[in-house]
Amino acid sequence: MVIDARGCAGGATGRNGGHLWSNPTSDFEQQNVRELLQFLEEEGVDCDLTQDGAVALERRNPEVGVVYHDEESDPERGLDGEDEDYGDTPLWTAEDCEHGLQTASFSAATLHKGAAQFFPAKVAAALLRSSKASLNAPVKVLAISHGGGTDGSHKLVQTEHGNVRARHVVVATNGWAAELLPELREHLYPCRNQVIMTKPLPATSDWQVGAFSVDSEVGARELYAIRRPDGRICLGGARALEVGAAVGSTDDATLSDEVGGYLRKFLDEHFSSLQPVEIEAEWTGILGFTRDRRPLIGEIRPGVFVAAGFCGHGMPQCTGAGKALAQMVEGGHDDELHPFVRGPANVKRAMNQTAD
């Protein structure tokens, strides 16, 4: 039984750009992506899949003067984890960037040929159909507690429409997980991210890749964009510009004028070949971050499991997280899981280290 406060992929999964961009040095992510692509092919899932690659860009002339709001607005500041190592990847020169994206704003890039793009909500819906689980939505879960049962092992899931007793419960709500599992609050926190979607831009048909990211000037952290099959561009990021609102916020019903203005300015200044650009939609989605940049995948209470804290990189990780959780529910041991997955013991150890 799946209980969702909104509906299938009504949270961040249905509101992001759809980057299936795995770390080439992570066998966990590489395996997950291969298996997910195989599933999409075998099931004939229509999810606007493209496998056009992506580039991580470097600015030619970094801008200055952007106000940086330091720890309060920087979700990555002060974390214990190391930056992701993407290994040896092909390089683009400035000339390659200009040819590949019709812009002279970037001095170099690393090319990720295996990066794919898709419509994430359609993928989530296909996985739900394949599982044959029953979806109960919109139904908000209010609390999870010990629920008795004939052998005393059941959990009570309290919802706004009634209660459900279950032997095992999985909380897979990412940035919202601490609302049901308050013991996570010291280790897991939400962060709001904003995106804009353009109307179709014919000039993007000349792009040599389907997505890009850029570690932008001080204050904006990372920007990311994806080219949709119809030529629309989905551009997001710049969350550090939103003073005191991005970090710790689960409000995805409002917008930041400052962030939205910055995203529009970025397209205008660095992709003049696309002009005129008309914005068709704008929205926010909630990400989940952990203090050590690794997701929480494991048993948090007896019979209660969590999968959360994907740090904005969930697409190549979530299917592997689901498989690991299935192994745990079936009684698998930590040493049977992929090393990337913490397992029940390591989830609690990570939380204890945060508390210390």
# chains A, B, ... in the order shown; residues from 1 in each chain; ligands from 1
>>> residues_around(residues="Arg264 in chain A", least_positions_apart="3", cutoff="10 Å", atoms="only C-alpha atoms", output="MDAnalysis selection string")
chainID A and resid 196 198 235 259:261 267:269 277:279
>>> residues_around(residues="range 302-309 of chain A", least_positions_apart="6", cutoff="9 Å", atoms="only C-alpha atoms", output="VMD selection string")
chain A and resid 144 153 to 155 167 to 177 181 188 to 190 287 to 290 293 to 296 318 321 to 322 325 328 to 329 344
>>> write_last_selection(atoms="N, CA and C atoms", output="mmCIF file, in the first residue's frame")
data_model
loop_
_atom_site.group_PDB
_atom_site.id
_atom_site.type_symbol
_atom_site.label_atom_id
_atom_site.label_comp_id
_atom_site.auth_asym_id
_atom_site.auth_seq_id
_atom_site.Cartn_x
_atom_site.Cartn_y
_atom_site.Cartn_z
ATOM 1 N N ILE A 144 3.416 7.893 12.968
ATOM 2 C CA ILE A 144 3.690 6.459 12.934
ATOM 3 C C ILE A 144 4.024 6.032 14.356
ATOM 4 N N SER A 153 3.908 -6.822 16.847
ATOM 5 C CA SER A 153 4.966 -6.296 15.977
ATOM 6 C C SER A 153 4.471 -5.255 14.976
ATOM 7 N N HIS A 154 3.180 -5.000 14.936
ATOM 8 C CA HIS A 154 2.654 -4.097 13.923
ATOM 9 C C HIS A 154 2.876 -2.625 14.288
ATOM 10 N N LYS A 155 2.891 -1.796 13.254
ATOM 11 C CA LYS A 155 2.980 -0.350 13.413
ATOM 12 C C LYS A 155 1.625 0.254 13.055
ATOM 13 N N ARG A 167 3.071 -4.380 9.221
ATOM 14 C CA ARG A 167 4.230 -4.993 9.863
ATOM 15 C C ARG A 167 5.487 -4.184 9.559
ATOM 16 N N HIS A 168 5.565 -3.631 8.358
ATOM 17 C CA HIS A 168 6.712 -2.819 7.971
ATOM 18 C C HIS A 168 6.220 -1.502 7.366
ATOM 19 N N VAL A 169 6.923 -0.428 7.645
ATOM 20 C CA VAL A 169 6.597 0.888 7.104
ATOM 21 C C VAL A 169 7.867 1.493 6.514
ATOM 22 N N VAL A 170 7.760 2.045 5.305
ATOM 23 C CA VAL A 170 8.873 2.741 4.662
ATOM 24 C C VAL A 170 8.493 4.203 4.491
ATOM 25 N N VAL A 171 9.292 5.092 5.033
ATOM 26 C CA VAL A 171 9.087 6.531 4.868
ATOM 27 C C VAL A 171 10.028 7.007 3.769
ATOM 28 N N ALA A 172 9.469 7.312 2.608
ATOM 29 C CA ALA A 172 10.260 7.721 1.449
ATOM 30 C C ALA A 172 9.792 9.097 0.991
ATOM 31 N N THR A 173 9.890 10.062 1.892
ATOM 32 C CA THR A 173 9.390 11.413 1.624
ATOM 33 C C THR A 173 10.513 12.442 1.551
ATOM 34 N N ASN A 174 11.744 11.983 1.455
ATOM 35 C CA ASN A 174 12.919 12.835 1.250
ATOM 36 C C ASN A 174 12.942 14.023 2.218
ATOM 37 N N GLY A 175 12.825 15.256 1.717
ATOM 38 C CA GLY A 175 12.962 16.425 2.569
ATOM 39 C C GLY A 175 11.919 16.557 3.658
ATOM 40 N N TRP A 176 10.811 15.841 3.530
ATOM 41 C CA TRP A 176 9.748 15.897 4.540
ATOM 42 C C TRP A 176 9.879 14.777 5.580
ATOM 43 N N ALA A 177 10.854 13.909 5.457
ATOM 44 C CA ALA A 177 10.913 12.702 6.280
ATOM 45 C C ALA A 177 10.948 13.003 7.775
ATOM 46 N N LEU A 181 9.498 11.390 11.241
ATOM 47 C CA LEU A 181 10.558 10.773 12.020
ATOM 48 C C LEU A 181 11.414 11.880 12.626
ATOM 49 N N LEU A 188 19.071 15.349 8.850
ATOM 50 C CA LEU A 188 18.404 15.543 7.557
ATOM 51 C C LEU A 188 17.643 16.856 7.569
ATOM 52 N N TYR A 189 17.773 17.637 6.513
ATOM 53 C CA TYR A 189 17.020 18.884 6.464
ATOM 54 C C TYR A 189 16.554 19.166 5.036
ATOM 55 N N PRO A 190 15.405 19.824 4.907
ATOM 56 C CA PRO A 190 14.876 20.149 3.585
ATOM 57 C C PRO A 190 15.514 21.402 3.023
ATOM 58 N N LEU A 287 14.113 19.571 -1.825
ATOM 59 C CA LEU A 287 15.186 18.591 -1.802
ATOM 60 C C LEU A 287 15.434 18.154 -0.357
ATOM 61 N N GLY A 288 16.102 17.024 -0.189
ATOM 62 C CA GLY A 288 16.489 16.567 1.141
ATOM 63 C C GLY A 288 17.996 16.414 1.214
ATOM 64 N N PHE A 289 18.624 17.063 2.197
ATOM 65 C CA PHE A 289 20.085 17.008 2.360
ATOM 66 C C PHE A 289 20.433 16.339 3.685
ATOM 67 N N THR A 290 21.564 15.659 3.705
ATOM 68 C CA THR A 290 22.120 15.118 4.939
ATOM 69 C C THR A 290 23.447 15.808 5.218
ATOM 70 N N ARG A 293 26.297 14.219 3.240
ATOM 71 C CA ARG A 293 26.054 14.112 1.806
ATOM 72 C C ARG A 293 25.766 12.691 1.329
ATOM 73 N N ARG A 294 25.437 11.802 2.213
ATOM 74 C CA ARG A 294 25.033 10.458 1.810
ATOM 75 C C ARG A 294 23.586 10.244 2.210
ATOM 76 N N PRO A 295 22.813 9.569 1.369
ATOM 77 C CA PRO A 295 21.402 9.364 1.701
ATOM 78 C C PRO A 295 21.238 8.416 2.879
ATOM 79 N N LEU A 296 20.106 8.556 3.550
ATOM 80 C CA LEU A 296 19.729 7.657 4.632
ATOM 81 C C LEU A 296 18.853 6.553 4.056
ATOM 82 N N CYS A 318 17.762 6.368 -6.533
ATOM 83 C CA CYS A 318 16.520 5.961 -5.869
ATOM 84 C C CYS A 318 16.106 4.530 -6.174
ATOM 85 N N ALA A 321 18.057 2.393 -4.006
ATOM 86 C CA ALA A 321 17.584 2.528 -2.632
ATOM 87 C C ALA A 321 16.353 1.658 -2.415
ATOM 88 N N GLY A 322 15.436 1.663 -3.390
ATOM 89 C CA GLY A 322 14.235 0.834 -3.275
ATOM 90 C C GLY A 322 14.562 -0.647 -3.218
ATOM 91 N N LEU A 325 15.970 -1.444 0.221
ATOM 92 C CA LEU A 325 14.916 -1.482 1.236
ATOM 93 C C LEU A 325 14.134 -2.787 1.163
ATOM 94 N N MET A 328 16.083 -5.341 2.911
ATOM 95 C CA MET A 328 16.032 -5.168 4.360
ATOM 96 C C MET A 328 14.707 -5.668 4.928
ATOM 97 N N VAL A 329 13.613 -5.314 4.261
ATOM 98 C CA VAL A 329 12.299 -5.742 4.741
ATOM 99 C C VAL A 329 12.203 -7.265 4.740
ATOM 100 N N PRO A 344 20.779 -0.730 8.194
ATOM 101 C CA PRO A 344 20.194 -0.311 9.476
ATOM 102 C C PRO A 344 21.217 0.172 10.491
#
>>> atom_distance(atom1="CA of Glu41 in chain A", atom2="CA of Ala203 in chain A")
29.3 Å
>>> closest_residue(among="A:Thr284, A:Thr319, A:Ser134, A:Thr204", to="Val2 in chain A", atoms="only C-alpha atoms")
A:Ser134
>>> closest_atom_pairs(of="range 236-284 of chain A", to="range 86-100 of chain A", cutoff="12 Å", atoms="only C-alpha atoms", output="tab-separated table")
residue	atom	partner	partner_atom	distance
A:His270	CA	A:Glu98	CA	10.8
A:Phe271	CA	A:Glu98	CA	10.2
A:Ser272	CA	A:Glu98	CA	11.8
A:Ser273	CA	A:Glu98	CA	10.7
>>> select_by_dssp(residues="range 59-275 of chain A", states="strand (DSSP E or B)", output="VMD selection string")
chain A and resid 59 91 to 92 106 to 112 116 to 117 135 to 136 141 to 148 154 to 159 162 to 166 169 to 171 188 to 198 211 to 215 222 to 227 233 to 237 247
>>> closest_residue(among="A:Ala116, A:Ala143, A:Ala5, A:Ile233", to="Ala178 in chain A", atoms="only C-alpha atoms")
A:Ala143
>>> closest_residue(among="A:Gln51, A:Arg15, A:Thr103, A:Ile3", to="Asn163 in chain A", atoms="only C-alpha atoms")
A:Ile3
>>> select_by_dssp(residues="range 126-279 of chain A", states="alpha helix (DSSP H)", output="list in words")
Ala126, Leu127, Leu128, Arg129, Ser130, Ser131, Ala177, Ala178, Glu179, Leu180, Asp257, Glu258, Val259, Gly260, Gly261, Tyr262, Leu263, Arg264, Lys265, Phe266, Leu267, Asp268, Glu269 and His270 of chain A
>>> atom_distance(atom1="CA of Pro120 in chain A", atom2="CA of His338 in chain A")
24.3 Å
>>> atom_distance(atom1="CA of Phe28 in chain A", atom2="CA of His313 in chain A")
12.8 Å
>>> closest_residue(among="A:Ala124, A:Leu142, A:Ala54, A:Leu241", to="Glu160 in chain A", atoms="only C-alpha atoms")
A:Leu142
>>> closest_residue(among="A:Gln208, A:Gln317, A:Gln275, A:Gln31", to="Leu111 in chain A", atoms="only C-alpha atoms")
A:Gln208
>>> closest_residue(among="A:Asp46, A:Asp27, A:Asp230, A:Glu282", to="Leu255 in chain A", atoms="only C-alpha atoms")
A:Glu282
>>> decode(residues="range 262-328 of chain A", atoms="C-alpha atoms", output="mmCIF file, in the first residue's frame")
data_model
loop_
_atom_site.group_PDB
_atom_site.id
_atom_site.type_symbol
_atom_site.label_atom_id
_atom_site.label_comp_id
_atom_site.auth_asym_id
_atom_site.auth_seq_id
_atom_site.Cartn_x
_atom_site.Cartn_y
_atom_site.Cartn_z
ATOM 1 C CA TYR A 262 18.468 35.572 -11.513
ATOM 2 C CA LEU A 263 17.522 32.504 -13.579
ATOM 3 C CA ARG A 264 16.010 34.694 -16.292
ATOM 4 C CA LYS A 265 19.060 36.952 -16.298
ATOM 5 C CA PHE A 266 21.362 33.957 -16.646
ATOM 6 C CA LEU A 267 19.620 32.806 -19.811
ATOM 7 C CA ASP A 268 19.528 36.322 -21.255
ATOM 8 C CA GLU A 269 23.211 37.023 -20.616
ATOM 9 C CA HIS A 270 24.780 33.675 -21.445
ATOM 10 C CA PHE A 271 22.507 32.229 -24.143
ATOM 11 C CA SER A 272 21.755 35.132 -26.417
ATOM 12 C CA SER A 273 21.390 32.728 -29.359
ATOM 13 C CA LEU A 274 18.107 31.554 -27.824
ATOM 14 C CA GLN A 275 16.479 34.975 -27.776
ATOM 15 C CA PRO A 276 13.694 35.793 -27.450
ATOM 16 C CA VAL A 277 13.099 33.570 -24.399
ATOM 17 C CA GLU A 278 9.584 33.340 -22.998
ATOM 18 C CA ILE A 279 9.022 31.725 -19.611
ATOM 19 C CA GLU A 280 6.067 29.357 -19.621
ATOM 20 C CA ALA A 281 6.127 28.090 -16.021
ATOM 21 C CA GLU A 282 7.971 28.475 -12.731
ATOM 22 C CA TRP A 283 7.834 26.402 -9.576
ATOM 23 C CA THR A 284 9.709 25.187 -6.519
ATOM 24 C CA GLY A 285 10.475 21.685 -5.232
ATOM 25 C CA ILE A 286 11.849 20.383 -1.952
ATOM 26 C CA LEU A 287 15.186 18.591 -1.802
ATOM 27 C CA GLY A 288 16.489 16.567 1.141
ATOM 28 C CA PHE A 289 20.085 17.008 2.360
ATOM 29 C CA THR A 290 22.120 15.118 4.939
ATOM 30 C CA ARG A 291 25.093 16.456 6.884
ATOM 31 C CA ASP A 292 27.539 14.018 5.325
ATOM 32 C CA ARG A 293 26.054 14.112 1.806
ATOM 33 C CA ARG A 294 25.033 10.458 1.810
ATOM 34 C CA PRO A 295 21.402 9.364 1.701
ATOM 35 C CA LEU A 296 19.729 7.657 4.632
ATOM 36 C CA ILE A 297 18.619 4.197 3.503
ATOM 37 C CA GLY A 298 17.869 1.799 6.312
ATOM 38 C CA GLU A 299 15.900 0.873 9.420
ATOM 39 C CA ILE A 300 15.384 3.833 11.730
ATOM 40 C CA ARG A 301 13.038 2.151 14.228
ATOM 41 C CA PRO A 302 12.089 -1.516 14.561
ATOM 42 C CA GLY A 303 10.036 -2.214 11.460
ATOM 43 C CA VAL A 304 10.239 1.398 10.233
ATOM 44 C CA PHE A 305 12.579 2.157 7.329
ATOM 45 C CA VAL A 306 13.638 5.398 5.684
ATOM 46 C CA ALA A 307 14.901 6.412 2.250
ATOM 47 C CA ALA A 308 15.692 10.126 2.223
ATOM 48 C CA GLY A 309 18.412 12.736 1.885
ATOM 49 C CA PHE A 310 19.498 12.295 -1.719
ATOM 50 C CA CYS A 311 21.117 15.745 -1.779
ATOM 51 C CA GLY A 312 19.700 16.708 -5.167
ATOM 52 C CA HIS A 313 21.129 13.594 -6.834
ATOM 53 C CA GLY A 314 18.321 11.099 -6.406
ATOM 54 C CA MET A 315 17.538 9.997 -9.952
ATOM 55 C CA PRO A 316 20.546 7.642 -10.306
ATOM 56 C CA GLN A 317 20.212 6.459 -6.684
ATOM 57 C CA CYS A 318 16.520 5.961 -5.869
ATOM 58 C CA THR A 319 15.904 2.682 -7.677
ATOM 59 C CA GLY A 320 18.907 1.163 -5.909
ATOM 60 C CA ALA A 321 17.584 2.528 -2.632
ATOM 61 C CA GLY A 322 14.235 0.834 -3.275
ATOM 62 C CA LYS A 323 15.918 -2.483 -4.028
ATOM 63 C CA ALA A 324 18.005 -2.220 -0.844
ATOM 64 C CA LEU A 325 14.916 -1.482 1.236
ATOM 65 C CA ALA A 326 13.180 -4.538 -0.199
ATOM 66 C CA GLN A 327 16.171 -6.644 0.854
ATOM 67 C CA MET A 328 16.032 -5.168 4.360
#
